[in-house]
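Novice: I am sharing model-v2.cif, which consists of mmCIF, C-alpha atoms:
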```cif
data_my_file
#
loop_
_atom_site.label_atom_id
_atom_site.label_comp_id
_atom_site.auth_asym_id
_atom_site.auth_seq_id
_atom_site.Cartn_x
_atom_site.Cartn_y
_atom_site.Cartn_z
CA MET A 9 0.00 0.00 0.00
CA SER A 10 2.88 2.32 -0.70
CA GLN A 11 1.50 3.99 -3.87
CA PHE A 12 -1.90 5.52 -4.54
CA ASN A 13 -1.67 6.81 -8.11
CA ASP A 14 -4.79 5.00 -9.39
CA PRO A 15 -8.14 6.57 -8.35
CA ARG A 16 -9.59 3.06 -8.06
CA GLU A 17 -6.98 2.26 -5.41
CA LEU A 18 -8.03 5.33 -3.44
CA ARG A 19 -11.67 4.31 -3.66
CA GLY A 20 -10.73 0.78 -2.61
CA LEU A 21 -8.99 2.22 0.45
CA LYS A 22 -12.14 4.23 1.18
CA ILE A 23 -14.25 1.05 1.08
CA LEU A 24 -11.85 -0.75 3.43
CA SER A 25 -11.90 2.15 5.91
CA GLU A 26 -15.64 1.76 6.48
CA PRO A 27 -17.23 -0.90 8.73
CA ASP A 28 -19.06 -3.99 7.44
CA THR A 29 -18.28 -3.46 3.76
CA ILE A 30 -16.44 -6.75 3.02
CA ARG A 31 -17.89 -10.22 3.64
CA ASN A 32 -15.53 -13.19 3.52
CA ILE A 33 -17.31 -16.23 1.99
CA ASP A 34 -14.26 -18.51 1.77
CA LYS A 35 -10.55 -18.15 1.08
CA ASN A 36 -11.15 -17.18 -2.58
CA ASN A 37 -14.57 -15.52 -2.58
CA TRP A 38 -15.83 -12.25 -1.08
CA GLU A 39 -18.79 -9.92 -1.23
CA VAL A 40 -18.13 -6.16 -1.23
CA LYS A 41 -20.89 -3.71 -0.41
CA SER A 42 -21.94 -1.40 -3.23
CA GLN A 43 -21.31 2.22 -2.33
CA SER A 44 -24.41 3.26 -4.25
CA GLY A 45 -26.58 1.12 -1.98
CA ASN A 46 -27.37 -1.59 -4.58
CA GLY A 47 -26.46 -4.64 -2.52
CA TYR A 48 -23.13 -6.47 -2.79
CA TYR A 49 -20.76 -7.36 -5.63
CA HIS A 50 -19.20 -10.84 -5.73
CA ILE A 51 -15.38 -11.01 -5.89
CA ASN A 52 -13.56 -14.19 -6.97
CA ARG A 53 -9.88 -15.08 -6.93
CA PHE A 54 -8.50 -18.12 -8.74
CA TYR A 55 -5.14 -19.47 -9.86
CA LYS A 56 -4.45 -21.07 -13.25
CA ASP A 57 -2.18 -23.72 -11.76
CA ARG A 58 -0.17 -24.60 -8.65
CA HIS A 59 2.89 -22.68 -9.80
CA ALA A 60 0.82 -19.52 -10.25
CA GLN A 61 -0.52 -19.98 -6.72
CA MET A 62 2.98 -20.37 -5.29
CA ARG A 63 4.05 -17.15 -7.06
CA GLY A 64 0.90 -15.34 -5.92
CA GLN A 65 -0.24 -14.71 -9.50
CA ALA A 66 -4.01 -14.69 -9.05
CA VAL A 67 -6.73 -13.83 -11.57
CA TRP A 68 -9.40 -11.57 -10.05
CA SER A 69 -12.98 -11.04 -11.17
CA CYS A 70 -15.84 -8.82 -9.95
CA LEU A 71 -19.46 -8.56 -11.02
CA CYS A 72 -19.48 -4.76 -10.90
CA PRO A 73 -20.05 -2.83 -14.17
CA ASP A 74 -16.57 -1.25 -14.07
CA HIS A 75 -14.79 -4.62 -14.12
CA GLN A 76 -17.25 -6.30 -16.46
CA THR A 77 -17.12 -3.48 -19.01
CA ARG A 78 -13.46 -2.40 -18.88
CA GLY A 79 -11.78 -5.53 -17.56
CA VAL A 80 -9.71 -3.51 -15.04
CA ILE A 81 -8.96 -4.10 -11.37
CA CYS A 82 -11.91 -2.24 -9.88
CA LYS A 83 -12.18 -0.50 -6.52
CA HIS A 84 -13.93 -3.55 -5.00
CA ILE A 85 -11.04 -5.85 -5.89
CA HIS A 86 -8.56 -3.26 -4.57
CA ALA A 87 -10.48 -3.18 -1.28
CA VAL A 88 -10.22 -6.97 -0.90
CA GLN A 89 -6.51 -6.94 -1.80
CA PHE A 90 -5.83 -4.20 0.76
CA SER A 91 -7.75 -6.14 3.43
CA LEU A 92 -5.75 -9.32 2.75
CA LYS A 93 -2.45 -7.46 3.01
CA LEU A 94 -3.55 -5.71 6.20
CA LYS A 95 -4.60 -9.04 7.73
CA VAL A 96 -1.17 -10.57 7.04
CA GLU A 97 0.59 -7.58 8.62
CA VAL A 98 -1.67 -7.64 11.70
CA GLU A 99 -1.18 -11.39 12.26
CA ALA A 100 2.59 -10.98 11.93
CA ASP A 101 2.57 -8.19 14.51
CA ILE A 102 0.53 -10.22 17.00
CA LYS A 103 2.92 -13.16 16.72
CA SER A 104 6.00 -10.98 17.15
CA GLN A 105 4.86 -8.81 20.05
CA LYS A 106 6.43 -9.47 23.45
CA ILE A 107 4.39 -8.31 26.41
CA VAL A 108 6.15 -7.61 29.67
CA GLY A 109 4.90 -6.43 33.05
CA VAL A 110 4.98 -2.94 34.46
CA ASP A 111 8.33 -1.88 35.89
CA VAL A 112 8.16 -2.40 39.63
CA SER A 113 11.51 -0.91 40.66
CA VAL A 114 11.27 0.96 43.97
CA THR A 115 13.13 4.16 44.83
CA CYS A 116 13.12 6.24 47.99
CA PRO A 117 10.76 9.24 47.63
CA VAL A 118 13.12 11.41 49.75
CA CYS A 119 16.63 10.79 48.44
CA LYS A 120 15.72 8.87 45.23
CA SER A 121 18.05 6.03 46.22
CA GLU A 122 17.40 2.52 44.90
CA ASN A 123 19.14 1.06 47.97
CA VAL A 124 15.88 0.01 49.65
CA VAL A 125 14.70 -3.12 51.46
CA LYS A 126 11.34 -4.45 52.60
CA ARG A 127 10.35 -3.40 56.15
CA GLY A 128 7.26 -5.44 56.94
CA VAL A 129 3.71 -4.62 55.92
CA ARG A 130 1.03 -2.10 56.81
CA LYS A 131 -2.45 -3.46 57.47
CA THR A 132 -5.34 -1.53 55.95
CA LYS A 133 -9.03 -2.27 55.49
CA PHE A 134 -8.25 -3.24 51.89
CA GLY A 135 -5.50 -5.69 52.84
CA GLU A 136 -1.79 -5.60 53.54
CA VAL A 137 0.50 -3.05 51.86
CA GLN A 138 4.24 -3.59 51.54
CA ARG A 139 6.41 -1.14 53.52
CA TYR A 140 9.98 -0.28 52.47
CA GLY A 141 13.00 1.23 54.20
CA CYS A 142 15.82 3.26 52.62
CA LEU A 143 19.30 2.14 53.75
CA ASP A 144 20.81 5.53 52.82
CA CYS A 145 18.51 8.03 54.58
CA GLN A 146 16.61 5.57 56.85
CA HIS A 147 13.25 6.82 55.55
CA ARG A 148 10.36 4.36 55.73
CA PHE A 149 7.64 4.52 53.08
CA ILE A 150 5.09 2.67 51.01
CA VAL A 151 4.85 2.93 47.23
CA ASP A 152 2.05 5.20 46.09
CA LYS A 153 0.27 3.35 43.28
CA GLY A 154 -2.20 6.14 42.72
CA PHE A 155 -4.63 5.21 45.50
CA SER A 156 -2.79 6.44 48.59
CA LYS A 157 -5.03 8.00 51.30
CA MET A 158 -8.18 7.02 49.42
CA LYS A 159 -11.04 5.80 51.63
CA HIS A 160 -12.35 3.37 49.04
CA SER A 161 -10.70 0.41 47.36
CA PRO A 162 -8.85 0.63 44.01
CA GLU A 163 -11.44 -1.78 42.60
CA SER A 164 -14.33 0.59 43.39
CA ILE A 165 -12.47 3.59 42.01
CA THR A 166 -11.41 1.89 38.78
CA LEU A 167 -14.92 0.50 38.31
CA THR A 168 -16.19 4.08 38.57
CA LEU A 169 -13.78 5.22 35.85
CA ASP A 170 -14.76 2.33 33.60
CA LEU A 171 -18.48 3.01 33.97
CA TYR A 172 -17.89 6.72 33.40
CA PHE A 173 -16.13 6.17 30.07
CA LYS A 174 -18.76 3.64 29.05
CA GLY A 175 -21.35 6.41 29.20
CA LEU A 176 -23.03 6.17 32.63
CA SER A 177 -23.86 9.37 34.47
CA ASP A 178 -22.30 9.97 37.88
CA ARG A 179 -25.63 9.40 39.63
CA LYS A 180 -26.14 6.08 37.87
CA ILE A 181 -22.63 5.08 38.95
CA VAL A 182 -23.55 5.88 42.57
CA ASP A 183 -26.60 3.61 42.26
CA HIS A 184 -24.57 0.81 40.62
CA LEU A 185 -21.91 0.82 43.34
CA LYS A 186 -24.51 0.70 46.09
CA GLN A 187 -26.74 -1.92 44.47
CA PHE A 188 -24.15 -4.42 43.29
CA HIS A 189 -21.05 -3.75 45.42
CA SER A 190 -22.49 -2.40 48.70
CA VAL A 191 -20.31 0.71 48.34
CA SER A 192 -21.98 3.91 49.51
CA VAL A 193 -20.64 7.12 48.02
CA VAL A 194 -22.24 10.45 47.24
CA HIS A 195 -22.51 12.20 43.91
CA SER A 196 -19.73 14.70 44.71
CA THR A 197 -17.30 11.86 45.53
CA ILE A 198 -17.73 10.41 42.06
CA ILE A 199 -16.99 13.83 40.56
CA ARG A 200 -13.82 14.17 42.66
CA TRP A 201 -12.57 10.71 41.66
CA ILE A 202 -13.13 11.40 37.98
CA HIS A 203 -11.40 14.80 38.15
CA LYS A 204 -8.48 13.42 40.19
CA TYR A 205 -7.71 10.55 37.84
CA LEU A 206 -8.39 12.42 34.61
CA LYS A 207 -5.89 14.99 35.84
CA LEU A 208 -3.42 12.24 36.72
CA LEU A 209 -3.80 10.59 33.31
CA SER A 210 -3.55 13.95 31.53
CA LYS A 211 -0.05 14.35 32.98
CA TYR A 212 0.98 10.84 32.00
CA ALA A 213 3.44 10.87 29.13
CA GLU A 214 3.54 7.52 27.39
CA LYS A 215 6.82 5.81 28.15
CA HIS A 216 6.68 3.27 25.33
CA HIS A 217 6.85 3.75 21.58
CA ALA A 218 3.82 2.61 19.56
CA GLU A 219 4.58 0.67 16.38
CA VAL A 220 1.97 1.91 13.92
CA GLY A 221 1.24 1.61 10.22
CA LYS A 222 1.42 4.21 7.49
CA ILE A 223 -2.25 4.89 6.83
CA TRP A 224 -3.77 7.38 9.26
CA HIS A 225 -7.26 8.82 9.60
CA CYS A 226 -8.05 12.26 11.00
CA ASP A 227 -11.37 13.79 11.95
CA GLU A 228 -12.81 16.24 14.45
CA THR A 229 -15.84 16.31 16.74
CA THR A 230 -17.39 18.97 18.96
CA VAL A 231 -17.48 19.33 22.73
CA PHE A 232 -19.67 21.81 24.61
CA ILE A 233 -17.95 24.22 27.03
CA LYS A 234 -19.71 26.40 29.57
CA LYS A 235 -18.78 30.01 28.89
CA GLU A 236 -20.21 33.01 30.67
CA GLY A 237 -22.44 35.12 28.49
CA GLU A 238 -22.90 32.48 25.77
CA LYS A 239 -25.59 29.82 25.54
CA LYS A 240 -23.69 27.52 23.21
CA TYR A 241 -19.92 27.54 23.05
CA TYR A 242 -18.22 24.65 21.29
CA GLN A 243 -14.62 23.59 21.01
CA TRP A 244 -13.14 20.92 18.78
CA ILE A 245 -11.53 17.59 19.62
CA TRP A 246 -9.16 16.44 16.85
CA ASN A 247 -8.62 12.68 16.66
CA LEU A 248 -5.85 11.10 14.60
CA MET A 249 -5.88 7.28 14.37
CA ASP A 250 -3.66 4.64 12.81
CA ALA A 251 -5.76 2.37 10.54
CA LYS A 252 -3.61 -0.71 11.09
CA THR A 253 -3.67 -0.86 14.91
CA ARG A 254 -6.61 1.49 15.66
CA TYR A 255 -4.18 3.30 17.97
CA LEU A 256 -5.28 6.87 18.72
CA LEU A 257 -2.12 8.86 17.98
CA ALA A 258 -3.41 12.28 18.99
CA CYS A 259 -6.46 13.69 20.75
CA GLN A 260 -6.19 17.48 20.90
CA VAL A 261 -8.65 20.22 21.89
CA THR A 262 -8.77 23.58 20.08
CA GLU A 263 -11.13 26.56 20.02
CA THR A 264 -11.28 26.86 16.21
CA ARG A 265 -10.87 24.75 13.05
CA PHE A 266 -8.25 26.69 11.14
CA VAL A 267 -5.05 25.38 9.55
CA LYS A 268 -3.02 26.12 12.68
CA ASP A 269 -5.45 23.98 14.68
CA ALA A 270 -5.41 21.09 12.20
CA ARG A 271 -1.61 21.01 12.38
CA ILE A 272 -1.60 20.34 16.15
CA PRO A 273 -2.67 16.65 16.07
CA LEU A 274 -0.55 16.03 12.97
CA ALA A 275 2.56 17.45 14.64
CA LYS A 276 1.82 15.48 17.81
CA ALA A 277 1.54 12.21 15.91
CA LYS A 278 4.72 12.94 13.98
CA GLU A 279 6.55 13.61 17.23
CA ILE A 280 5.51 10.45 19.08
CA THR A 281 5.82 8.02 16.15
CA ASN A 282 8.69 9.46 14.09
CA VAL A 283 6.81 8.06 11.09
CA ARG A 284 5.88 9.71 7.79
CA PRO A 285 2.61 8.09 6.65
CA ASN A 286 1.82 7.08 3.09
CA ALA A 287 -1.74 8.33 3.44
CA ILE A 288 -3.63 10.65 5.79
CA VAL A 289 -7.34 10.23 5.12
CA THR A 290 -9.61 13.16 6.04
CA ASP A 291 -13.04 14.53 5.24
CA GLY A 292 -13.62 17.66 3.17
CA LEU A 293 -12.51 20.24 5.74
CA GLN A 294 -10.32 22.72 3.83
CA ALA A 295 -7.93 23.21 6.76
CA TYR A 296 -6.54 19.69 6.29
CA ARG A 297 -5.28 20.47 2.79
CA GLN A 298 -2.67 22.99 3.95
CA ALA A 299 -2.07 21.41 7.37
CA VAL A 300 -1.01 18.03 5.95
CA LYS A 301 1.14 19.77 3.37
CA ASP A 302 2.86 21.90 6.03
CA GLU A 303 3.64 18.89 8.25
CA PHE A 304 4.37 16.08 5.78
CA TYR A 305 5.04 17.39 2.26
CA ASP A 306 8.37 16.02 1.02
CA MET A 307 9.78 16.65 -2.46
CA GLY A 308 12.12 13.66 -2.15
CA ALA A 309 9.50 11.14 -1.07
CA GLN A 310 7.78 8.68 -3.39
CA ILE A 311 4.44 10.11 -2.28
CA ARG A 312 5.08 13.82 -1.92
CA ASN A 313 1.78 14.75 -0.31
CA PRO A 314 0.10 11.92 1.65
CA HIS A 315 -3.24 13.73 1.99
CA ILE A 316 -6.34 11.85 0.77
CA ARG A 317 -9.51 13.95 0.85
CA LEU A 318 -12.70 11.90 0.67
CA LYS A 319 -15.36 14.54 0.07
CA ASP A 320 -15.26 14.33 -3.73
CA PHE A 321 -15.82 10.56 -3.88
CA GLU A 322 -19.27 9.49 -5.04
CA THR A 323 -19.76 7.37 -1.93
CA LYS A 324 -22.52 8.17 0.56
CA PRO A 325 -20.67 7.32 3.88
CA ASN A 326 -19.22 10.58 5.10
CA ASN A 327 -15.79 9.60 6.37
CA ASN A 328 -13.91 6.59 7.73
CA ILE A 329 -13.09 4.40 10.71
CA LEU A 330 -12.98 7.50 12.92
CA GLU A 331 -16.76 7.77 12.72
CA ARG A 332 -17.01 4.88 15.20
CA LEU A 333 -14.49 6.61 17.46
CA ASN A 334 -16.52 9.82 17.32
CA GLY A 335 -19.54 7.75 18.31
CA THR A 336 -17.64 6.51 21.38
CA PHE A 337 -16.87 10.13 22.29
CA ARG A 338 -20.51 11.15 21.85
CA GLU A 339 -21.64 8.31 24.13
CA ARG A 340 -19.75 10.10 26.90
CA THR A 341 -20.25 13.77 25.98
CA LYS A 342 -24.04 13.48 25.64
CA VAL A 343 -24.12 12.47 29.33
CA VAL A 344 -21.61 15.10 30.46
CA ARG A 345 -23.47 17.72 28.34
CA SER A 346 -20.81 20.36 29.02
CA PHE A 347 -17.43 21.00 30.60
CA ASP A 348 -16.58 23.85 32.95
CA SER A 349 -13.52 24.99 31.00
CA SER A 350 -11.18 24.09 28.17
CA ILE A 351 -8.79 22.64 30.74
CA SER A 352 -11.32 20.04 31.87
CA ALA A 353 -12.07 19.26 28.22
CA GLU A 354 -8.37 18.62 27.62
CA GLU A 355 -8.26 16.29 30.63
CA PHE A 356 -11.30 14.49 29.25
CA ALA A 357 -9.66 14.13 25.83
CA ILE A 358 -6.50 12.61 27.32
CA GLY A 359 -8.63 10.30 29.47
CA MET A 360 -10.56 9.17 26.39
CA GLN A 361 -7.28 8.59 24.54
CA THR A 362 -6.06 6.36 27.37
CA TYR A 363 -9.41 4.57 27.50
CA TYR A 364 -9.46 3.94 23.75
CA ASN A 365 -5.82 2.84 23.46
CA TYR A 366 -5.39 0.78 26.62
CA ILE A 367 -8.78 -0.15 28.10
CA ARG A 368 -11.49 -0.62 25.48
CA PRO A 369 -11.32 -3.85 23.42
CA HIS A 370 -11.75 -3.21 19.69
CA GLN A 371 -13.69 -5.76 17.64
CA GLY A 372 -11.95 -4.62 14.45
CA ILE A 373 -8.65 -6.03 15.74
CA GLY A 374 -9.90 -9.28 17.22
CA GLY A 375 -10.97 -8.01 20.65
CA LEU A 376 -7.53 -6.66 21.55
CA VAL A 377 -6.86 -3.14 22.75
CA PRO A 378 -4.90 -0.97 20.27
CA ALA A 379 -1.87 -0.78 22.59
CA GLN A 380 -1.44 -4.55 22.35
CA LEU A 381 -1.44 -4.45 18.56
CA ALA A 382 0.98 -1.50 18.63
CA ASN A 383 3.50 -3.68 20.53
CA ILE A 384 3.49 -1.54 23.67
CA PRO A 385 5.11 -3.78 26.32
CA ILE A 386 2.61 -3.28 29.15
CA ASN A 387 0.79 -6.16 30.80
CA LEU A 388 -2.80 -5.30 29.92
CA THR A 389 -4.48 -8.32 31.48
CA GLY A 390 -6.80 -7.99 34.45
CA ASN A 391 -7.70 -4.51 35.70
CA ARG A 392 -6.29 -2.33 32.93
CA TRP A 393 -7.43 0.90 34.61
CA GLN A 394 -5.40 0.05 37.71
CA THR A 395 -2.36 -0.73 35.58
CA MET A 396 -2.54 2.65 33.81
CA ILE A 397 -3.08 4.58 37.07
CA GLU A 398 -0.04 2.88 38.64
CA LEU A 399 2.05 3.86 35.61
CA ALA A 400 0.77 7.43 35.72
CA ALA A 401 1.41 7.68 39.50
CA LYS A 402 5.04 6.66 38.99
#
```
Take the structure in the file and give it back as structure tokens.
Specialist:
Amino acid sequence: MSQFNDPRELRGLKILSEPDTIRNIDKNNWEVKSQSGNGYYHINRFYKDRHAQMRGQAVWSCLCPDHQTRGVICKHIHAVQFSLKLKVEVEADIKSQKIVGVDVSVTCPVCKSENVVKRGVRKTKFGEVQRYGCLDCQHRFIVDKGFSKMKHSPESITLTLDLYFKGLSDRKIVDHLKQFHSVSVVHSTIIRWIHKYLKLLSKYAEKHHAEVGKIWHCDETTVFIKKEGEKKYYQWIWNLMDAKTRYLLACQVTETRFVKDARIPLAKAKEITNVRPNAIVTDGLQAYRQAVKDEFYDMGAQIRNPHIRLKDFETKPNNNILERLNGTFRERTKVVRSFDSSISAEEFAIGMQTYYNYIRPHQGIGGLVPAQLANIPINLTGNRWQTMIELAAK
């Protein structure tokens, strides 16, 4: 997928980027959804002989008018070919990834020395907590894993965060905790927990490098901010996602949708990945045209400008795989209704980025979370919220 000179290839990529467009019948037959809404077109792959199969020299056919009339590789065949190549790359990544646990090295919080030993345990109502002693400054301490001095258990707190990002209101969370876990908290406590841990996660800089592909999707959605003197004041959340791993590379909040704003998520993704993509797929927003050019145009590259603008295609779906992500954001923002300030909106955006990359399983990548597919070496089994909070607290 390194060249996109043929318009049919671009349209094939557009088909692949949308959900539920390709049905796999068997290893050599597929059905691809018509973008005009006229059902599905049948795709067949066959080999003339065994040697052609070993060399990968397949003959493709499609029942669409473009292929039947002109005998060319149509956009439907390109979509199937792209999906097969993507599947091979994803399976290779899953086999090669090596997951390790979170670093549990302990240092003294006073003198930062690693010359520490265990000094018994401290008994709490949630169980025993390991106590340490520093051999250099004689300070005794316990490791703060993000839940120090909290009156409720880490399980109750992380359950609250999970329910919050799944779209429940704070009052429904209060009822759930009381009804199913016999945990009594008030509405304001839920608000404090959410603010505390969104703030903690917003300060968390990812330690590990995400291995992503070279086809990215960018889109923006609105978030409502309370502003004195105005009934409706919206800001924009820019989301930039890798198509291969579904990893959310950037989630940035801006007040406007100009070129300078569109460049922010692009620059962020370039910084954290050190990758120049082959394609950045966007909708028809004019700001993307110049923003992508400013960040990624390269005279010496095989693809000078990686921008792919989908507005002019004859297809009815309005964008790409980011539409489902925007739906996940709306599930939460329609309950929140509004944020008190742009700062809280930024904390929310970072929290959603953590939730999407590390917590929420994605059916498009076999039920994994994007961080697993991006080869980030964090043990994401069990309580993933607790794992991320412990990392952020360190």
Novice: Write out as a ChimeraX atom specification the residues lying within 6 Å of region 65-68 of chain A, counting only C-alpha atoms and excluding same-chain residues fewer than 6 positions away.
Specialist: /A:52-55
Novice: Please evaluate the PyMOL selection byres ((chain A and resi 219) around 8) against the displayed coordinates and give the resulting residues as a ChimeraX atom specification.
Specialist: /A:217-218,220-221,281,382-384
Novice: Between A:Thr29, A:Arg271, A:Gly20, A:His160, which has the minimum distance to Ser190 (chain A) (counting all atoms listed in the file)?
Specialist: A:His160
Novice: Which residue is closest to Asp250 (chain A)? Choose from A:Ile223, A:Ile280, A:Ile233, A:Val289 and count all atoms listed in the file.
Specialist: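 Under the stated criterion, the closest residue is A:Ile223.
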Novice: Selected by the PyMOL selection byres ((chain A and resi 189) around 12) in the shown coordinates: which residues, as a count of residues only?
Specialist: 19
Novice: Which residue gives the smallest distance to Lys83 (chain A) among A:Leu21, A:Val151, A:Val261, A:Ile272, with all atoms listed in the file counted?
Specialist: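 The shortest atom-to-atom distance to Lys83 (chain A) comes from A:Leu21.
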Novice: Go through the shown structure with the PyMOL selection byres ((chain A and resi 402) around 8) and write out the matching residues as a VMD selection string.
Specialist: chain A and resid 152 to 153 398 to 401
Novice: Between CA of Tyr364 (chain A) and CA of Ala287 (chain A), what is the distance, to one decimal in Å?
Specialist: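 Interatomic distance, CA of Tyr364 (chain A) to CA of Ala287 (chain A): 22.2 Å.
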Novice: Can you list, as a PyMOL selection string, every protein, DNA or RNA residue that comes within 12 Å of Gly390 (chain A) when you count all atoms listed in the file, leaving out same-chain residues fewer than 2 positions away?
Specialist: chain A and resi 109+163+166+366-367+386-388+392-396
